[in-house]
$ cat coords18.cif   # mmCIF, C-alpha atoms
data_my_file
#
loop_
_atom_site.label_atom_id
_atom_site.label_comp_id
_atom_site.auth_asym_id
_atom_site.auth_seq_id
_atom_site.Cartn_x
_atom_site.Cartn_y
_atom_site.Cartn_z
CA MET K 453 109.77 111.07 112.44
CA LYS K 454 109.55 109.74 108.86
CA VAL K 455 107.85 106.37 108.37
CA LEU K 456 107.94 104.14 105.29
CA VAL K 457 105.07 101.73 104.66
CA THR K 458 105.49 99.04 102.01
CA GLY K 459 102.29 97.49 100.72
CA ALA K 460 100.56 100.79 101.50
CA THR K 461 97.83 100.29 98.90
CA GLY K 462 96.84 96.89 100.29
CA PHE K 463 94.03 96.11 102.71
CA ILE K 464 96.05 96.54 105.93
CA GLY K 465 98.43 99.10 104.46
CA GLN K 466 95.73 101.66 103.70
CA HIS K 467 94.40 101.46 107.25
CA LEU K 468 97.92 101.80 108.67
CA VAL K 469 98.78 104.84 106.52
CA ARG K 470 95.64 106.64 107.63
CA GLU K 471 96.34 105.87 111.29
CA LEU K 472 99.94 107.09 111.07
CA ALA K 473 98.95 110.27 109.24
CA SER K 474 96.22 110.99 111.81
CA LYS K 475 98.87 110.81 114.52
CA GLY K 476 101.02 113.37 112.75
CA TYR K 477 103.74 111.13 111.36
CA TYR K 478 105.32 111.88 107.98
CA VAL K 479 104.47 108.84 105.87
CA LYS K 480 106.14 107.54 102.72
CA CYS K 481 104.45 104.77 100.74
CA LEU K 482 106.33 102.36 98.51
CA MET K 483 103.95 101.01 95.87
CA HIS K 484 104.42 98.82 92.82
CA ARG K 485 102.32 101.01 90.54
CA ARG K 486 100.18 104.13 90.78
CA THR K 487 96.42 103.95 90.24
CA PHE K 488 93.58 106.46 90.24
CA SER K 489 92.52 105.34 93.71
CA ASP K 490 95.90 106.42 95.09
CA LYS K 491 94.73 110.06 94.95
CA LYS K 492 93.38 109.69 98.50
CA LEU K 493 96.74 108.44 99.78
CA GLU K 494 98.54 111.26 97.97
CA LYS K 495 96.75 113.77 100.20
CA ILE K 496 98.22 112.30 103.39
CA ALA K 497 101.48 110.65 102.32
CA GLU K 498 104.44 110.82 99.97
CA LEU K 499 104.08 108.19 97.26
CA VAL K 500 107.12 106.39 95.85
CA THR K 501 106.76 103.99 92.93
CA GLY K 502 109.09 101.01 92.94
CA ASP K 503 109.60 97.28 93.18
CA ILE K 504 110.27 95.57 96.50
CA THR K 505 112.61 93.17 94.69
CA ASP K 506 114.66 95.97 93.11
CA ALA K 507 117.59 97.29 95.18
CA THR K 508 117.52 100.71 93.49
CA SER K 509 113.82 101.19 94.27
CA ILE K 510 114.38 100.16 97.86
CA LYS K 511 117.30 102.55 98.32
CA GLU K 512 115.24 105.45 96.99
CA ALA K 513 112.28 104.61 99.23
CA LEU K 514 114.46 104.39 102.35
CA LYS K 515 116.00 107.86 102.01
CA ASP K 516 115.69 109.80 105.29
CA VAL K 517 113.42 107.12 106.78
CA ASP K 518 113.46 106.39 110.52
CA VAL K 519 110.92 103.55 110.74
CA VAL K 520 109.84 100.89 108.25
CA PHE K 521 106.58 98.96 108.34
CA HIS K 522 107.09 96.12 105.87
CA LEU K 523 103.64 94.92 104.81
CA ALA K 524 104.18 94.27 101.10
CA ALA K 525 103.57 90.64 100.21
CA LEU K 526 102.05 88.44 97.55
CA LEU K 527 98.87 86.81 98.83
CA GLY K 528 95.71 85.35 97.36
CA ARG K 529 97.19 83.65 94.30
CA TRP K 530 96.71 79.94 93.77
CA GLN K 531 99.44 78.35 95.87
CA SER K 532 100.70 75.80 93.38
CA GLU K 533 104.23 74.46 93.12
CA TYR K 534 104.55 76.62 89.99
CA MET K 535 103.79 79.73 92.04
CA GLU K 536 106.28 78.89 94.77
CA HIS K 537 109.17 80.73 93.15
CA ILE K 538 106.99 83.84 92.69
CA TYR K 539 106.00 83.81 96.37
CA TYR K 540 109.68 83.40 97.25
CA ARG K 541 110.78 86.26 95.00
CA VAL K 542 108.29 88.78 96.39
CA ASN K 543 107.86 87.72 100.02
CA SER K 544 111.25 86.26 100.88
CA LEU K 545 113.78 87.88 98.55
CA GLY K 546 112.00 91.24 98.74
CA THR K 547 112.22 91.19 102.53
CA LYS K 548 115.89 90.18 102.46
CA LEU K 549 116.76 93.07 100.14
CA LEU K 550 114.78 95.56 102.20
CA VAL K 551 116.39 94.44 105.46
CA LYS K 552 119.87 94.55 103.96
CA GLN K 553 119.42 98.09 102.67
CA ALA K 554 117.69 99.26 105.86
CA MET K 555 120.68 98.03 107.87
CA LYS K 556 123.06 99.96 105.59
CA MET K 557 121.02 103.15 105.88
CA GLY K 558 120.68 103.06 109.65
CA VAL K 559 116.91 102.62 109.98
CA LYS K 560 115.97 102.96 113.66
CA LEU K 561 113.13 100.42 113.64
CA PHE K 562 111.92 97.78 111.20
CA ILE K 563 108.52 96.18 111.82
CA TYR K 564 107.83 93.09 109.73
CA LEU K 565 104.27 91.84 109.24
CA SER K 566 104.41 88.07 109.04
CA THR K 567 101.53 85.63 109.66
CA THR K 568 100.47 82.94 112.12
CA GLY K 569 100.41 80.74 109.03
CA VAL K 570 104.13 80.10 109.60
CA PHE K 571 103.09 77.67 112.36
CA GLY K 572 101.44 75.39 109.82
CA ASN K 573 98.94 72.90 111.21
CA ILE K 574 99.14 73.48 114.96
CA LYS K 575 98.84 70.43 117.20
CA ARG K 576 97.67 72.10 120.40
CA CYS K 577 95.52 75.07 121.17
CA PRO K 578 96.28 77.85 121.92
CA VAL K 579 99.89 78.28 120.77
CA ASN K 580 102.29 81.08 121.66
CA GLU K 581 105.31 82.64 119.94
CA ASN K 582 107.56 79.73 120.96
CA HIS K 583 105.61 77.15 118.97
CA PRO K 584 107.78 75.58 116.20
CA CYS K 585 107.19 76.80 112.67
CA ASN K 586 106.13 74.16 110.15
CA PRO K 587 104.69 75.95 107.09
CA THR K 588 102.99 73.84 104.44
CA PHE K 589 102.03 76.04 101.49
CA PRO K 590 104.11 78.44 99.34
CA TYR K 591 102.80 81.62 100.98
CA GLU K 592 103.50 80.34 104.49
CA LYS K 593 106.92 79.04 103.51
CA SER K 594 107.89 82.34 101.89
CA LYS K 595 106.85 84.30 105.00
CA CYS K 596 108.80 81.93 107.22
CA ILE K 597 111.95 82.40 105.13
CA ALA K 598 111.42 86.17 105.33
CA GLU K 599 111.11 85.91 109.12
CA GLN K 600 114.43 84.10 109.23
CA ALA K 601 116.06 86.94 107.33
CA VAL K 602 114.71 89.46 109.85
CA LYS K 603 115.77 87.30 112.81
CA SER K 604 119.26 86.92 111.34
CA ALA K 605 119.52 90.72 111.12
CA ILE K 606 118.25 91.06 114.71
CA ASP K 607 121.05 88.76 115.85
CA LYS K 608 123.47 91.25 114.27
CA GLY K 609 121.96 94.14 116.19
CA PHE K 610 119.33 95.29 113.70
CA PRO K 611 116.40 96.98 115.53
CA ALA K 612 113.44 94.94 114.27
CA THR K 613 110.16 93.47 115.49
CA ILE K 614 108.17 90.62 113.94
CA ILE K 615 104.38 90.63 114.07
CA ARG K 616 102.36 87.49 113.40
CA PRO K 617 98.68 88.36 112.96
CA SER K 618 95.93 85.78 112.74
CA HIS K 619 93.31 86.13 109.99
CA VAL K 620 92.69 89.87 109.53
CA TYR K 621 89.24 91.09 108.57
CA GLY K 622 87.52 94.45 108.18
CA PRO K 623 86.56 97.00 105.51
CA GLY K 624 88.54 96.27 102.36
CA ASP K 625 89.26 92.60 103.08
CA VAL K 626 88.55 90.57 99.94
CA ASN K 627 89.00 87.14 101.56
CA THR K 628 86.19 87.55 104.10
CA LEU K 629 84.07 89.09 101.35
CA LYS K 630 84.25 85.81 99.39
CA ILE K 631 82.83 83.89 102.36
CA LEU K 632 80.05 86.42 102.90
CA LYS K 633 79.09 86.34 99.22
CA ILE K 634 78.66 82.56 99.33
CA ILE K 635 76.46 82.83 102.42
CA LYS K 636 74.28 85.59 100.98
CA ARG K 637 73.97 84.23 97.45
CA PHE K 638 73.59 80.50 98.00
CA ARG K 639 72.27 80.30 101.59
CA VAL K 640 74.15 77.00 101.82
CA PHE K 641 77.59 76.49 103.27
CA PRO K 642 79.67 73.29 103.32
CA LEU K 643 81.31 72.83 106.72
CA ILE K 644 84.59 70.99 106.44
CA ASP K 645 84.73 68.38 109.20
CA GLY K 646 81.56 69.90 110.60
CA GLY K 647 83.15 73.33 111.10
CA ARG K 648 84.71 72.23 114.38
CA ALA K 649 88.06 73.97 113.85
CA MET K 650 88.68 77.07 115.98
CA PHE K 651 89.00 80.55 114.51
CA GLN K 652 90.43 83.69 116.16
CA PRO K 653 90.40 86.61 113.68
CA ILE K 654 91.62 90.15 114.41
CA TYR K 655 89.82 93.30 113.26
CA VAL K 656 92.05 95.42 111.01
CA GLU K 657 91.85 98.57 113.15
CA ASP K 658 93.01 96.62 116.19
CA LEU K 659 95.94 95.18 114.26
CA VAL K 660 96.93 98.65 113.07
CA LYS K 661 96.88 100.00 116.62
CA ALA K 662 99.11 97.11 117.69
CA LEU K 663 101.57 97.92 114.89
CA VAL K 664 101.73 101.56 115.90
CA LEU K 665 102.10 100.55 119.54
CA CYS K 666 105.18 98.49 118.62
CA MET K 667 106.69 101.64 117.12
CA GLU K 668 105.78 103.87 120.03
CA LYS K 669 107.10 101.33 122.57
CA ARG K 670 110.03 100.25 120.43
CA LYS K 671 112.45 100.08 123.35
CA ILE K 672 110.45 97.09 124.57
CA ALA K 673 109.43 95.68 121.19
CA ILE K 674 112.81 95.63 119.44
CA GLY K 675 114.08 92.10 118.96
CA LYS K 676 110.72 90.55 119.83
CA THR K 677 108.15 88.47 117.97
CA TYR K 678 104.48 88.97 118.82
CA ILE K 679 101.28 87.14 117.92
CA ILE K 680 98.30 89.41 117.41
CA ALA K 681 94.81 87.91 117.41
CA GLY K 682 91.34 88.83 118.58
CA ASN K 683 89.98 88.16 122.04
CA GLU K 684 87.36 85.68 120.88
CA ARG K 685 87.83 82.08 119.77
CA ILE K 686 84.94 80.67 117.81
CA THR K 687 84.33 77.56 115.71
CA PHE K 688 84.05 78.04 111.96
CA LYS K 689 80.45 76.83 112.20
CA ASP K 690 79.61 79.57 114.70
CA PHE K 691 81.49 82.13 112.60
CA ILE K 692 79.41 81.23 109.54
CA GLN K 693 76.23 81.34 111.63
CA LEU K 694 77.10 84.79 113.01
CA SER K 695 77.90 86.05 109.51
CA ALA K 696 74.57 84.76 108.19
CA GLU K 697 72.71 86.40 111.08
CA LEU K 698 74.33 89.77 110.40
CA LEU K 699 73.60 89.41 106.69
CA GLY K 700 69.96 88.62 107.46
CA ALA K 701 70.27 85.33 105.61
CA SER K 702 68.93 81.96 106.67
CA ILE K 703 71.53 79.31 105.96
CA THR K 704 71.69 75.54 105.61
CA TYR K 705 74.81 73.62 106.59
CA PHE K 706 76.13 70.27 105.57
CA SER K 707 79.29 68.61 106.79
CA VAL K 708 81.92 67.32 104.39
CA PRO K 709 84.90 65.20 105.49
CA GLY K 710 88.14 67.11 105.23
CA TRP K 711 89.90 64.27 103.43
CA LEU K 712 87.22 64.26 100.73
CA MET K 713 87.49 68.01 100.19
CA SER K 714 91.27 67.68 99.93
CA VAL K 715 90.88 65.00 97.25
CA LEU K 716 88.38 67.16 95.34
CA ALA K 717 90.76 70.13 95.66
CA LEU K 718 93.63 68.08 94.26
CA ILE K 719 91.48 67.04 91.30
CA CYS K 720 90.56 70.71 90.68
CA GLU K 721 94.24 71.65 90.82
CA LYS K 722 95.01 69.05 88.13
CA ILE K 723 92.12 69.80 85.78
CA PHE K 724 91.48 73.56 85.78
CA PRO K 725 95.04 74.73 84.93
CA ALA K 726 94.83 72.63 81.75
CA PHE K 727 92.18 75.11 80.60
CA ASN K 728 94.16 78.13 81.89
CA LEU K 729 91.72 78.55 84.75
CA GLU K 730 92.44 78.99 88.45
CA PRO K 731 90.96 76.13 90.48
CA PRO K 732 87.82 77.15 92.41
CA LEU K 733 88.86 74.77 95.18
CA THR K 734 92.46 74.28 96.33
CA ARG K 735 94.18 72.33 99.08
CA SER K 736 95.36 75.52 100.77
CA ARG K 737 91.77 76.81 100.99
CA VAL K 738 90.53 73.50 102.35
CA GLU K 739 93.36 73.44 104.87
CA PHE K 740 92.42 76.92 106.09
CA PHE K 741 89.03 75.61 107.25
CA ARG K 742 90.46 72.34 108.64
CA ARG K 743 93.11 73.92 110.84
CA ASN K 744 92.70 75.32 114.31
CA HIS K 745 93.55 79.04 114.39
CA CYS K 746 93.93 79.44 118.12
CA TYR K 747 96.56 81.66 119.72
CA SER K 748 97.78 83.16 122.96
CA VAL K 749 98.24 86.94 122.92
CA ASP K 750 99.55 87.11 126.48
CA LYS K 751 103.00 88.29 125.41
CA ILE K 752 101.97 91.51 123.64
CA ARG K 753 99.31 92.16 126.27
CA LYS K 754 101.78 91.91 129.15
CA GLU K 755 104.76 93.62 127.48
CA LEU K 756 103.08 96.39 125.49
CA GLY K 757 99.65 96.61 127.09
CA PHE K 758 97.84 95.81 123.84
CA GLN K 759 94.18 94.87 124.09
CA PRO K 760 91.89 94.45 121.04
CA LYS K 761 88.92 96.83 121.30
CA THR K 762 86.60 95.33 118.69
CA ASN K 763 84.58 92.21 119.44
CA LEU K 764 83.77 89.87 116.59
CA ARG K 765 80.08 90.76 116.25
CA ASN K 766 80.76 94.50 116.02
CA GLY K 767 83.73 94.01 113.73
CA LEU K 768 81.76 91.83 111.32
CA LYS K 769 78.83 94.26 111.43
CA LYS K 770 81.10 97.18 110.47
CA THR K 771 82.68 95.10 107.73
CA ILE K 772 79.36 94.01 106.24
CA GLU K 773 78.03 97.59 106.35
CA TRP K 774 81.14 98.79 104.48
CA TYR K 775 80.75 96.09 101.79
CA ALA K 776 77.08 97.03 101.38
CA MET K 777 77.93 100.74 101.10
CA LYS K 778 80.45 99.92 98.34
CA GLY K 779 77.89 97.75 96.53
CA LEU K 780 79.96 94.61 97.01
CA LEU K 781 77.27 92.62 98.82
#

$ encode --input "coords18.cif" --output "structure tokens"
Amino acid sequence: MKVLVTGATGFIGQHLVRELASKGYYVKCLMHRRTFSDKKLEKIAELVTGDITDATSIKEALKDVDVVFHLAALLGRWQSEYMEHIYYRVNSLGTKLLVKQAMKMGVKLFIYLSTTGVFGNIKRCPVNENHPCNPTFPYEKSKCIAEQAVKSAIDKGFPATIIRPSHVYGPGDVNTLKILKIIKRFRVFPLIDGGRAMFQPIYVEDLVKALVLCMEKRKIAIGKTYIIAGNERITFKDFIQLSAELLGASITYFSVPGWLMSVLALICEKIFPAFNLEPPLTRSRVEFFRRNHCYSVDKIRKELGFQPKTNLRNGLKKTIEWYAMKGLL
């Protein structure tokens, strides 16, 4: 079986490619550009250079492919109104083009990696796959539009599955690294609204196993949408405390009202771009810490038998050890 992974050089993509190769699958990787670090991937996969928004690139990448894992997405840029069209072009239009070509070429399974961010600010906790989507920021909106394209294809008989992971962490994750650096360097952490919001991250290796499980049990998974999150729900305050403990850092907290942080973020968004600088504080980042990230994973557990293996303490410990080994902490 030949498997195509888009976004193969990204955080999750690299873990997925290694897992697929270790299981004996023939893996193709669609990447935007080649770098020196891709030498490791070249040993275990076929590398194809192309653009997810270019139909010719997509057609070439899909040749002789049975299964597609679509992970490629723009993430981590400042989510301003100016950036919205760029998020749409890569995340939404790119997915639409890939789905359209995959349908033409008879792909047997298409697995789309979305995000629980499509729910927006959830009103109850935990939520399941049936919760209405109400995305707020450009990234979330673009992923929601992409989901709609996949669902539309499913309605026409296209064999696809949608995966909505919660916050993914693990070796290679730059977003968690930023939090850990603040804790270690400053020993002070501002808790938005006292850090009361709930958090339910998933370790990257567990997510990858869930993705592969959807492929291996595709007869059940086709046409379905699944939330994937860790077993543990923890407040952001407790998450920061656990991180500090594993880093061996004493930490001081102070609570800041969410509304005040949102105002400060808006001011940053107005001032910093005038000097061609990305704002250090944005409304989307503030909102991440204000929202509850609390999900039910009953559906994938009951239907596919998926169970995360890594608890939060062990996952964070492995992640911190990897950062330290790479000289990033």

$ resolve_selection --input "coords18.cif" --expression "the PyMOL selection byres ((chain K and resi 748-757) around 12)" --output "count of residues only"
48

$ closest_atom_pairs --input "coords18.cif" --of "region 482-583 of chain K" --to "region 455-468 of chain K" --cutoff "9 Å" --atoms "all atoms listed in the file" --output "tab-separated table"
residue	atom	partner	partner_atom	distance
K:Leu482	CA	K:Thr458	CA	4.9
K:Met483	CA	K:Gly459	CA	6.2
K:His484	CA	K:Gly459	CA	8.3
K:Ser489	CA	K:Thr461	CA	9.0
K:Asp490	CA	K:Thr461	CA	7.5
K:Leu493	CA	K:Gln466	CA	7.9
K:Ile504	CA	K:Thr458	CA	8.1
K:Ala513	CA	K:Leu456	CA	7.5
K:Leu514	CA	K:Leu456	CA	7.2
K:Val517	CA	K:Val455	CA	5.8
K:Asp518	CA	K:Val455	CA	6.0
K:Val519	CA	K:Val455	CA	4.8
K:Val520	CA	K:Leu456	CA	4.8
K:Phe521	CA	K:Val457	CA	4.8
K:His522	CA	K:Thr458	CA	5.1
K:Leu523	CA	K:Gly459	CA	5.0
K:Ala524	CA	K:Gly459	CA	3.8
K:Ala525	CA	K:Gly459	CA	7.0

$ closest_atom_pairs --input "coords18.cif" --of "region 602-624 of chain K" --to "region 533-553 of chain K" --cutoff "12 Å" --atoms "only C-alpha atoms" --output "JSON lines"
{"residue": "K:Val602", "atom": "CA", "partner": "K:Val551", "partner_atom": "CA", "distance": 6.8}
{"residue": "K:Lys603", "atom": "CA", "partner": "K:Val551", "partner_atom": "CA", "distance": 10.3}
{"residue": "K:Ser604", "atom": "CA", "partner": "K:Val551", "partner_atom": "CA", "distance": 10.0}
{"residue": "K:Ala605", "atom": "CA", "partner": "K:Val551", "partner_atom": "CA", "distance": 7.5}
{"residue": "K:Ile606", "atom": "CA", "partner": "K:Val551", "partner_atom": "CA", "distance": 10.0}
{"residue": "K:Lys608", "atom": "CA", "partner": "K:Lys552", "partner_atom": "CA", "distance": 11.4}
{"residue": "K:Phe610", "atom": "CA", "partner": "K:Val551", "partner_atom": "CA", "distance": 8.8}
{"residue": "K:Pro611", "atom": "CA", "partner": "K:Val551", "partner_atom": "CA", "distance": 10.4}
{"residue": "K:Ala612", "atom": "CA", "partner": "K:Val551", "partner_atom": "CA", "distance": 9.3}
{"residue": "K:Thr613", "atom": "CA", "partner": "K:Val551", "partner_atom": "CA", "distance": 11.8}

$ atom_distance --input "coords18.cif" --atom1 "CA of Ile703 (chain K)" --atom2 "CA of Gly646 (chain K)"
14.5 Å

$ residues_around --input "coords18.cif" --residues "region 763-780 of chain K" --least-positions-apart "6" --cutoff "10 Å" --atoms "all atoms listed in the file" --output "ChimeraX atom specification"
/K:621-626,628-629,632-633,652-658,682-686,691,694-695,697-699

$ write_last_selection --input "coords18.cif" --atoms "C-alpha atoms" --output "PDB file, in the coordinates of the input"
ATOM      1  CA  TYR K 621      89.240  91.090 108.570  1.00  0.00           C
ATOM      2  CA  GLY K 622      87.520  94.450 108.180  1.00  0.00           C
ATOM      3  CA  PRO K 623      86.560  97.000 105.510  1.00  0.00           C
ATOM      4  CA  GLY K 624      88.540  96.270 102.360  1.00  0.00           C
ATOM      5  CA  ASP K 625      89.260  92.600 103.080  1.00  0.00           C
ATOM      6  CA  VAL K 626      88.550  90.570  99.940  1.00  0.00           C
ATOM      7  CA  THR K 628      86.190  87.550 104.100  1.00  0.00           C
ATOM      8  CA  LEU K 629      84.070  89.090 101.350  1.00  0.00           C
ATOM      9  CA  LEU K 632      80.050  86.420 102.900  1.00  0.00           C
ATOM     10  CA  LYS K 633      79.090  86.340  99.220  1.00  0.00           C
ATOM     11  CA  GLN K 652      90.430  83.690 116.160  1.00  0.00           C
ATOM     12  CA  PRO K 653      90.400  86.610 113.680  1.00  0.00           C
ATOM     13  CA  ILE K 654      91.620  90.150 114.410  1.00  0.00           C
ATOM     14  CA  TYR K 655      89.820  93.300 113.260  1.00  0.00           C
ATOM     15  CA  VAL K 656      92.050  95.420 111.010  1.00  0.00           C
ATOM     16  CA  GLU K 657      91.850  98.570 113.150  1.00  0.00           C
ATOM     17  CA  ASP K 658      93.010  96.620 116.190  1.00  0.00           C
ATOM     18  CA  GLY K 682      91.340  88.830 118.580  1.00  0.00           C
ATOM     19  CA  ASN K 683      89.980  88.160 122.040  1.00  0.00           C
ATOM     20  CA  GLU K 684      87.360  85.680 120.880  1.00  0.00           C
ATOM     21  CA  ARG K 685      87.830  82.080 119.770  1.00  0.00           C
ATOM     22  CA  ILE K 686      84.940  80.670 117.810  1.00  0.00           C
ATOM     23  CA  PHE K 691      81.490  82.130 112.600  1.00  0.00           C
ATOM     24  CA  LEU K 694      77.100  84.790 113.010  1.00  0.00           C
ATOM     25  CA  SER K 695      77.900  86.050 109.510  1.00  0.00           C
ATOM     26  CA  GLU K 697      72.710  86.400 111.080  1.00  0.00           C
ATOM     27  CA  LEU K 698      74.330  89.770 110.400  1.00  0.00           C
ATOM     28  CA  LEU K 699      73.600  89.410 106.690  1.00  0.00           C
TER      29      LEU K 699
END

$ resolve_selection --input "coords18.cif" --expression "the PyMOL selection byres ((chain K and resi 736-738) around 7)" --output "NGL selection string"
:K and (531 or 589 or 713-714 or 733-735 or 739-742)

$ write_last_selection --input "coords18.cif" --atoms "C-alpha atoms" --output "short mmCIF file (atom, residue, chain, number, x, y, z; two decimals), in the frame of the given file"
data_model
loop_
_atom_site.label_atom_id
_atom_site.label_comp_id
_atom_site.auth_asym_id
_atom_site.auth_seq_id
_atom_site.Cartn_x
_atom_site.Cartn_y
_atom_site.Cartn_z
CA GLN K 531 99.44 78.35 95.87
CA PHE K 589 102.03 76.04 101.49
CA MET K 713 87.49 68.01 100.19
CA SER K 714 91.27 67.68 99.93
CA LEU K 733 88.86 74.77 95.18
CA THR K 734 92.46 74.28 96.33
CA ARG K 735 94.18 72.33 99.08
CA GLU K 739 93.36 73.44 104.87
CA PHE K 740 92.42 76.92 106.09
CA PHE K 741 89.03 75.61 107.25
CA ARG K 742 90.46 72.34 108.64
#

$ atom_distance --input "coords18.cif" --atom1 "CA of Glu471 (chain K)" --atom2 "CA of Gly502 (chain K)"
22.9 Å

$ atom_distance --input "coords18.cif" --atom1 "CA of Val640 (chain K)" --atom2 "CA of Leu712 (chain K)"
18.3 Å

$ residues_around --input "coords18.cif" --residues "Phe706 (chain K)" --least-positions-apart "6" --cutoff "7 Å" --atoms "only C-alpha atoms" --output "ChimeraX atom specification"
/K:641-643

$ closest_residue --input "coords18.cif" --among "K:Arg470, K:Lys511, K:Pro584, K:Arg648" --to "Lys492 (chain K)" --atoms "only C-alpha atoms"
K:Arg470

$ build_atoms --input "coords18.cif" --residues "region 757-768 of chain K" --atoms "N, CA and C atoms" --output "short mmCIF file (atom, residue, chain, number, x, y, z; two decimals), keeping the file's coordinate frame"
data_model
loop_
_atom_site.label_atom_id
_atom_site.label_comp_id
_atom_site.auth_asym_id
_atom_site.auth_seq_id
_atom_site.Cartn_x
_atom_site.Cartn_y
_atom_site.Cartn_z
N GLY K 757 100.96 96.14 126.64
CA GLY K 757 99.65 96.61 127.09
C GLY K 757 98.60 96.63 126.00
N PHE K 758 98.81 95.83 124.94
CA PHE K 758 97.84 95.81 123.84
C PHE K 758 96.61 94.99 124.20
N GLN K 759 95.45 95.56 123.87
CA GLN K 759 94.18 94.87 124.09
C GLN K 759 93.26 95.19 122.92
N PRO K 760 92.83 94.18 122.13
CA PRO K 760 91.89 94.45 121.04
C PRO K 760 90.61 95.09 121.57
N LYS K 761 90.11 96.10 120.85
CA LYS K 761 88.92 96.83 121.30
C LYS K 761 87.64 96.33 120.65
N THR K 762 87.77 95.66 119.49
CA THR K 762 86.60 95.33 118.69
C THR K 762 86.21 93.87 118.85
N ASN K 763 85.01 93.61 119.37
CA ASN K 763 84.58 92.21 119.44
C ASN K 763 84.13 91.74 118.06
N LEU K 764 84.00 90.45 117.91
CA LEU K 764 83.77 89.87 116.59
C LEU K 764 82.44 90.31 115.98
N ARG K 765 81.39 90.35 116.77
CA ARG K 765 80.08 90.76 116.25
C ARG K 765 80.14 92.19 115.70
N ASN K 766 80.69 93.11 116.47
CA ASN K 766 80.76 94.50 116.02
C ASN K 766 81.68 94.66 114.82
N GLY K 767 82.80 93.93 114.85
CA GLY K 767 83.73 94.01 113.73
C GLY K 767 83.12 93.50 112.43
N LEU K 768 82.42 92.38 112.51
CA LEU K 768 81.76 91.83 111.32
C LEU K 768 80.65 92.76 110.84
#
